[in-house]
file query_29.pdb (PDB, C-alpha atoms, pLDDT in the B column)
MODEL        1
ATOM      1  CA  MET A 115     -36.846  -8.232  66.962  1.00 50.00           C
ATOM      2  CA  SER A 116     -38.262 -11.482  68.153  1.00 53.00           C
ATOM      3  CA  LYS A 117     -37.284 -12.845  71.488  1.00 60.00           C
ATOM      4  CA  THR A 118     -36.345 -16.484  71.646  1.00 62.00           C
ATOM      5  CA  LEU A 119     -37.957 -18.344  74.468  1.00 63.00           C
ATOM      6  CA  LYS A 120     -35.592 -20.382  76.525  1.00 68.00           C
ATOM      7  CA  ARG A 121     -37.333 -23.664  77.142  1.00 73.00           C
ATOM      8  CA  LYS A 122     -36.698 -25.080  80.589  1.00 79.00           C
ATOM      9  CA  LYS A 123     -35.835 -28.719  80.977  1.00 85.00           C
ATOM     10  CA  HIS A 124     -38.420 -30.995  82.508  1.00 89.00           C
ATOM     11  CA  TRP A 125     -37.567 -32.258  86.002  1.00 90.00           C
ATOM     12  CA  SER A 126     -37.424 -35.839  84.680  1.00 90.00           C
ATOM     13  CA  THR A 127     -34.293 -34.984  82.671  1.00 91.00           C
ATOM     14  CA  LYS A 128     -32.572 -33.984  85.917  1.00 93.00           C
ATOM     15  CA  VAL A 129     -33.202 -37.223  87.831  1.00 93.00           C
ATOM     16  CA  GLN A 130     -30.016 -38.611  89.364  1.00 94.00           C
ATOM     17  CA  GLU A 131     -29.508 -42.300  90.116  1.00 95.00           C
ATOM     18  CA  CYS A 132     -26.903 -43.469  92.581  1.00 93.00           C
ATOM     19  CA  ALA A 133     -25.984 -46.845  94.066  1.00 93.00           C
ATOM     20  CA  VAL A 134     -24.904 -46.254  97.667  1.00 91.00           C
ATOM     21  CA  SER A 135     -23.626 -48.334 100.546  1.00 89.00           C
ATOM     22  CA  TRP A 136     -22.684 -47.356 104.080  1.00 87.00           C
ATOM     23  CA  GLY A 137     -20.612 -50.242 105.428  1.00 81.00           C
ATOM     24  CA  SER A 138     -21.166 -51.690 108.869  1.00 77.00           C
ATOM     25  CA  VAL A 139     -22.375 -48.450 110.459  1.00 76.00           C
ATOM     26  CA  GLY A 140     -25.948 -49.654 110.854  1.00 80.00           C
ATOM     27  CA  GLU A 141     -28.975 -48.741 108.786  1.00 84.00           C
ATOM     28  CA  PHE A 142     -29.234 -46.260 105.944  1.00 85.00           C
ATOM     29  CA  GLY A 143     -31.279 -43.990 108.219  1.00 82.00           C
ATOM     30  CA  ASP A 144     -28.268 -43.753 110.558  1.00 85.00           C
ATOM     31  CA  VAL A 145     -26.148 -42.343 107.718  1.00 88.00           C
ATOM     32  CA  VAL A 146     -28.685 -40.353 105.670  1.00 90.00           C
ATOM     33  CA  GLU A 147     -31.506 -38.395 107.266  1.00 93.00           C
ATOM     34  CA  ILE A 148     -34.829 -38.831 105.449  1.00 93.00           C
ATOM     35  CA  LEU A 149     -37.141 -35.876 106.024  1.00 94.00           C
ATOM     36  CA  GLY A 150     -40.672 -35.073 104.896  1.00 93.00           C
ATOM     37  CA  GLY A 151     -43.222 -37.743 104.106  1.00 92.00           C
ATOM     38  CA  ALA A 152     -46.908 -37.829 103.329  1.00 92.00           C
ATOM     39  CA  GLU A 153     -47.875 -37.178 106.951  1.00 91.00           C
ATOM     40  CA  HIS A 154     -46.307 -33.720 106.525  1.00 91.00           C
ATOM     41  CA  GLY A 155     -47.748 -33.175 103.050  1.00 91.00           C
ATOM     42  CA  GLU A 156     -44.285 -33.509 101.541  1.00 93.00           C
ATOM     43  CA  PHE A 157     -42.287 -35.765  99.272  1.00 94.00           C
ATOM     44  CA  PRO A 158     -39.604 -37.671 101.161  1.00 95.00           C
ATOM     45  CA  PHE A 159     -36.364 -35.716 100.802  1.00 95.00           C
ATOM     46  CA  LEU A 160     -32.779 -36.052 101.961  1.00 94.00           C
ATOM     47  CA  GLY A 161     -31.461 -34.308 105.034  1.00 93.00           C
ATOM     48  CA  GLN A 162     -28.017 -34.444 106.620  1.00 93.00           C
ATOM     49  CA  MET A 163     -25.649 -37.123 105.286  1.00 90.00           C
ATOM     50  CA  ASN A 164     -22.574 -38.651 106.880  1.00 88.00           C
ATOM     51  CA  LEU A 165     -20.306 -38.350 103.832  1.00 86.00           C
ATOM     52  CA  ASP A 166     -17.392 -40.044 105.640  1.00 86.00           C
ATOM     53  CA  VAL A 167     -19.285 -43.347 105.660  1.00 87.00           C
ATOM     54  CA  LEU A 168     -21.477 -43.083 102.561  1.00 88.00           C
ATOM     55  CA  VAL A 169     -19.984 -44.630  99.404  1.00 88.00           C
ATOM     56  CA  CYS A 170     -21.396 -44.024  95.937  1.00 89.00           C
ATOM     57  CA  HIS A 171     -20.650 -46.932  93.578  1.00 90.00           C
ATOM     58  CA  VAL A 172     -22.528 -45.694  90.518  1.00 90.00           C
ATOM     59  CA  GLY A 173     -23.628 -42.166  89.704  1.00 90.00           C
ATOM     60  CA  ARG A 174     -23.183 -39.113  91.905  1.00 90.00           C
ATOM     61  CA  LEU A 175     -24.045 -38.622  95.570  1.00 90.00           C
ATOM     62  CA  PRO A 176     -27.253 -36.636  96.048  1.00 92.00           C
ATOM     63  CA  TYR A 177     -27.383 -33.311  97.863  1.00 92.00           C
ATOM     64  CA  TYR A 178     -29.187 -32.094 100.954  1.00 94.00           C
ATOM     65  CA  GLY A 179     -32.814 -31.312 100.072  1.00 94.00           C
ATOM     66  CA  ASP A 180     -33.005 -33.554  97.004  1.00 95.00           C
ATOM     67  CA  VAL A 181     -36.426 -35.165  96.574  1.00 96.00           C
ATOM     68  CA  LEU A 182     -36.321 -38.966  96.937  1.00 95.00           C
ATOM     69  CA  LEU A 183     -38.344 -40.614  94.158  1.00 95.00           C
ATOM     70  CA  GLU A 184     -37.384 -44.311  94.200  1.00 95.00           C
ATOM     71  CA  VAL A 185     -35.449 -46.872  96.197  1.00 94.00           C
ATOM     72  CA  ASN A 186     -34.359 -49.922  94.159  1.00 93.00           C
ATOM     73  CA  GLY A 187     -37.149 -49.245  91.680  1.00 93.00           C
ATOM     74  CA  THR A 188     -39.837 -48.894  94.365  1.00 93.00           C
ATOM     75  CA  PRO A 189     -41.545 -45.479  94.203  1.00 94.00           C
ATOM     76  CA  VAL A 190     -41.616 -43.765  97.608  1.00 94.00           C
ATOM     77  CA  SER A 191     -43.485 -40.593  96.593  1.00 94.00           C
ATOM     78  CA  GLY A 192     -46.613 -40.314  98.715  1.00 93.00           C
ATOM     79  CA  LEU A 193     -45.349 -42.673 101.427  1.00 93.00           C
ATOM     80  CA  THR A 194     -45.057 -41.658 105.052  1.00 92.00           C
ATOM     81  CA  ASN A 195     -41.593 -41.158 106.486  1.00 93.00           C
ATOM     82  CA  ARG A 196     -41.902 -44.393 108.421  1.00 93.00           C
ATOM     83  CA  ASP A 197     -42.944 -46.339 105.307  1.00 93.00           C
ATOM     84  CA  THR A 198     -40.059 -44.836 103.339  1.00 93.00           C
ATOM     85  CA  HIS A 199     -37.639 -46.076 106.001  1.00 92.00           C
ATOM     86  CA  ALA A 200     -39.299 -49.503 105.877  1.00 92.00           C
ATOM     87  CA  VAL A 201     -38.805 -49.693 102.098  1.00 92.00           C
ATOM     88  CA  ILE A 202     -35.122 -48.798 102.516  1.00 91.00           C
ATOM     89  CA  ARG A 203     -34.618 -51.380 105.311  1.00 89.00           C
ATOM     90  CA  HIS A 204     -36.167 -54.056 103.092  1.00 90.00           C
ATOM     91  CA  PHE A 205     -33.187 -54.008 100.690  1.00 89.00           C
ATOM     92  CA  ARG A 206     -29.574 -55.000 101.198  1.00 85.00           C
ATOM     93  CA  GLU A 207     -26.844 -52.578 100.383  1.00 81.00           C
ATOM     94  CA  PRO A 208     -25.881 -51.178  98.016  1.00 90.00           C
ATOM     95  CA  ILE A 209     -29.243 -49.605  97.263  1.00 92.00           C
ATOM     96  CA  ARG A 210     -30.127 -47.615  94.157  1.00 94.00           C
ATOM     97  CA  ILE A 211     -31.817 -44.318  94.859  1.00 94.00           C
ATOM     98  CA  LYS A 212     -33.367 -41.904  92.378  1.00 95.00           C
ATOM     99  CA  THR A 213     -33.433 -38.276  93.416  1.00 95.00           C
ATOM    100  CA  VAL A 214     -34.118 -34.941  91.787  1.00 95.00           C
ATOM    101  CA  LYS A 215     -33.206 -31.417  92.790  1.00 94.00           C
ATOM    102  CA  PRO A 216     -36.375 -29.567  93.841  1.00 92.00           C
ATOM    103  CA  GLY A 217     -37.680 -26.976  91.389  1.00 89.00           C
ATOM    104  CA  LYS A 218     -40.813 -24.937  90.698  1.00 88.00           C
ATOM    105  CA  VAL A 219     -43.029 -27.841  89.636  1.00 87.00           C
ATOM    106  CA  LEU A 220     -41.560 -30.735  91.617  1.00 89.00           C
ATOM    107  CA  ASN A 221     -40.477 -29.592  95.061  1.00 89.00           C
ATOM    108  CA  ALA A 222     -41.008 -30.974  98.549  1.00 88.00           C
ATOM    109  CA  ASP A 223     -44.683 -29.903  98.660  1.00 91.00           C
ATOM    110  CA  LEU A 224     -46.929 -32.870  97.786  1.00 91.00           C
ATOM    111  CA  ARG A 225     -50.119 -30.832  97.971  1.00 90.00           C
ATOM    112  CA  HIS A 226     -48.844 -28.334  95.424  1.00 92.00           C
ATOM    113  CA  TYR A 227     -47.807 -31.078  93.005  1.00 92.00           C
ATOM    114  CA  LEU A 228     -51.111 -32.935  93.355  1.00 92.00           C
ATOM    115  CA  SER A 229     -53.059 -29.717  92.727  1.00 92.00           C
ATOM    116  CA  LEU A 230     -51.462 -29.258  89.302  1.00 91.00           C
ATOM    117  CA  GLN A 231     -53.140 -30.583  86.159  1.00 92.00           C
ATOM    118  CA  PHE A 232     -51.127 -32.574  83.650  1.00 91.00           C
ATOM    119  CA  GLN A 233     -51.887 -34.253  80.361  1.00 93.00           C
ATOM    120  CA  LYS A 234     -53.091 -37.812  80.814  1.00 94.00           C
ATOM    121  CA  GLY A 235     -50.289 -40.304  80.207  1.00 92.00           C
ATOM    122  CA  SER A 236     -47.489 -37.793  80.870  1.00 92.00           C
ATOM    123  CA  ILE A 237     -44.679 -38.467  83.353  1.00 93.00           C
ATOM    124  CA  ASP A 238     -46.202 -35.969  85.766  1.00 92.00           C
ATOM    125  CA  HIS A 239     -49.650 -37.570  85.521  1.00 94.00           C
ATOM    126  CA  LYS A 240     -48.131 -41.007  86.186  1.00 95.00           C
ATOM    127  CA  LEU A 241     -46.223 -39.683  89.199  1.00 94.00           C
ATOM    128  CA  GLN A 242     -49.429 -38.128  90.555  1.00 94.00           C
ATOM    129  CA  GLN A 243     -51.116 -41.525  90.227  1.00 94.00           C
ATOM    130  CA  VAL A 244     -48.238 -43.231  92.090  1.00 93.00           C
ATOM    131  CA  ILE A 245     -48.560 -40.649  94.858  1.00 93.00           C
ATOM    132  CA  ARG A 246     -52.319 -41.186  95.101  1.00 92.00           C
ATOM    133  CA  ASP A 247     -51.850 -44.978  95.182  1.00 91.00           C
ATOM    134  CA  ASN A 248     -49.251 -44.692  97.961  1.00 89.00           C
ATOM    135  CA  LEU A 249     -51.452 -42.272  99.914  1.00 88.00           C
ATOM    136  CA  TYR A 250     -54.358 -44.686  99.599  1.00 86.00           C
ATOM    137  CA  LEU A 251     -52.273 -47.386 101.308  1.00 78.00           C
ATOM    138  CA  ARG A 252     -52.405 -45.283 104.485  1.00 73.00           C
ATOM    139  CA  THR A 253     -56.055 -44.243 104.217  1.00 68.00           C
ATOM    140  CA  ILE A 254     -58.147 -46.168 106.713  1.00 60.00           C
ATOM    141  CA  PRO A 255     -61.860 -45.868 105.995  1.00 60.00           C
ATOM    142  CA  CYS A 256     -64.232 -45.954 108.921  1.00 57.00           C
ATOM    143  CA  PRO A 257     -66.277 -49.182 108.823  1.00 58.00           C
ATOM    144  CA  GLU A 258     -70.026 -48.884 108.177  1.00 55.00           C
ATOM    145  CA  THR A 259     -70.863 -50.327 111.587  1.00 48.00           C
ATOM    146  CA  CYS A 260     -68.861 -47.559 113.256  1.00 51.00           C
ATOM    147  CA  GLN A 261     -70.592 -44.893 111.145  1.00 50.00           C
ATOM    148  CA  LEU A 262     -74.011 -46.276 112.052  1.00 49.00           C
ATOM    149  CA  ARG A 263     -73.127 -46.473 115.741  1.00 47.00           C
ATOM    150  CA  HIS A 264     -72.046 -42.813 115.896  1.00 49.00           C
ATOM    151  CA  GLN A 265     -74.476 -41.376 113.361  1.00 51.00           C
ATOM    152  CA  GLY A 266     -76.366 -39.284 115.872  1.00 51.00           C
ATOM    153  CA  ASP A 267     -73.304 -38.118 117.827  1.00 49.00           C
ATOM    154  CA  ALA A 268     -72.367 -34.476 117.334  1.00 47.00           C
ATOM    155  CA  GLU A 269     -68.827 -34.964 118.592  1.00 47.00           C
ATOM    156  CA  GLU A 270     -66.045 -36.534 116.554  1.00 46.00           C
ATOM    157  CA  THR A 271     -65.326 -40.138 117.470  1.00 48.00           C
ATOM    158  CA  ASN A 272     -62.338 -42.356 116.733  1.00 50.00           C
ATOM    159  CA  CYS A 273     -63.331 -45.806 115.492  1.00 50.00           C
TER     160      CYS A 273
ENDMDL
END
call {"tool": "encode", "arguments": {"input": "query_29.pdb", "output": "structure tokens"}}
result
Amino acid sequence: MSKTLKRKKHWSTKVQECAVSWGSVGEFGDVVEILGGAEHGEFPFLGQMNLDVLVCHVGRLPYYGDVLLEVNGTPVSGLTNRDTHAVIRHFREPIRIKTVKPGKVLNADLRHYLSLQFQKGSIDHKLQQVIRDNLYLRTIPCPETCQLRHQGDAEETNC
């Protein structure tokens, strides 16, 4: 007897989009906790939510722990927590958020996802490139003059 292999769905088929508003409570960060971020080696993901205030106009409300992929079409994967909050504050409500439930391939761990190899041009490869581009925004290279000045120093210096 041959066994039939059950093919698992790709994470991209499970992406949820929701248009949310939160009234006059304040900022989105006051209603929905955003955890993770590149500084922790993680995708931004959703924490505690004040469901009494949060209103979903289109789609379904996300769950605790869902990975945050986009805010109003702006990819936030690979951004720091602070930058993710800045992207959210930039838009008026309601905002459209794209989230996905974490799984084996795409979970909160950025390092794990970036270590995987994907076919060039695939959705995963494109997401890896977005993450690398967003990480590069926060990479501050040391200027050549600083390197030359501290070339002989054995101790680590901050430029």
call {"tool": "resolve_selection", "arguments": {"input": "query_29.pdb", "expression": "the PyMOL selection byres ((chain A and resi 222-225) around 6)", "output": "PyMOL selection string"}}
result
chain A and resi 155-157+221+226-228
call {"tool": "residues_around", "arguments": {"input": "query_29.pdb", "residues": "Gly140 (chain A)", "least_positions_apart": "4", "cutoff": "12 Å", "atoms": "only C-alpha atoms", "output": "number ranges by chain"}}
result
A: 135-136, 144-146, 167-168, 203, 206-207
call {"tool": "closest_residue", "arguments": {"input": "query_29.pdb", "among": "A:Ile148, A:Ile237, A:Cys132, A:Ile209", "to": "Gly179 (chain A)", "atoms": "only C-alpha atoms"}}
result
A:Ile148
call {"tool": "atom_distance", "arguments": {"input": "query_29.pdb", "atom1": "CA of Ala133 (chain A)", "atom2": "CA of Asp166 (chain A)"}}
result
15.9 Å
call {"tool": "residues_around", "arguments": {"input": "query_29.pdb", "residues": "Glu153 (chain A)", "least_positions_apart": "6", "cutoff": "9 Å", "atoms": "all atoms listed in the file", "output": "list in words"}}
result
Gly192, Leu193, Thr194 and Asn195 of chain A
call {"tool": "atom_distance", "arguments": {"input": "query_29.pdb", "atom1": "CA of Cys170 (chain A)", "atom2": "CA of Ile202 (chain A)"}}
result
16.0 Å
call {"tool": "resolve_selection", "arguments": {"input": "query_29.pdb", "expression": "the PyMOL selection byres ((chain A and resi 124) around 12)", "output": "mmCIF file with C-alpha atoms, in the frame of the given file"}}
result
data_model
loop_
_atom_site.group_PDB
_atom_site.id
_atom_site.type_symbol
_atom_site.label_atom_id
_atom_site.label_comp_id
_atom_site.auth_asym_id
_atom_site.auth_seq_id
_atom_site.Cartn_x
_atom_site.Cartn_y
_atom_site.Cartn_z
ATOM 1 C CA ARG A 121 -37.333 -23.664 77.142
ATOM 2 C CA LYS A 122 -36.698 -25.080 80.589
ATOM 3 C CA LYS A 123 -35.835 -28.719 80.977
ATOM 4 C CA TRP A 125 -37.567 -32.258 86.002
ATOM 5 C CA SER A 126 -37.424 -35.839 84.680
ATOM 6 C CA THR A 127 -34.293 -34.984 82.671
ATOM 7 C CA LYS A 128 -32.572 -33.984 85.917
ATOM 8 C CA VAL A 129 -33.202 -37.223 87.831
ATOM 9 C CA VAL A 214 -34.118 -34.941 91.787
ATOM 10 C CA LYS A 215 -33.206 -31.417 92.790
ATOM 11 C CA PRO A 216 -36.375 -29.567 93.841
ATOM 12 C CA GLY A 217 -37.680 -26.976 91.389
ATOM 13 C CA LYS A 218 -40.813 -24.937 90.698
ATOM 14 C CA VAL A 219 -43.029 -27.841 89.636
ATOM 15 C CA LEU A 220 -41.560 -30.735 91.617
ATOM 16 C CA SER A 236 -47.489 -37.793 80.870
ATOM 17 C CA ILE A 237 -44.679 -38.467 83.353
ATOM 18 C CA ASP A 238 -46.202 -35.969 85.766
#
call {"tool": "atom_distance", "arguments": {"input": "query_29.pdb", "atom1": "CA of Val185 (chain A)", "atom2": "CA of Lys212 (chain A)"}}
result
6.6 Å
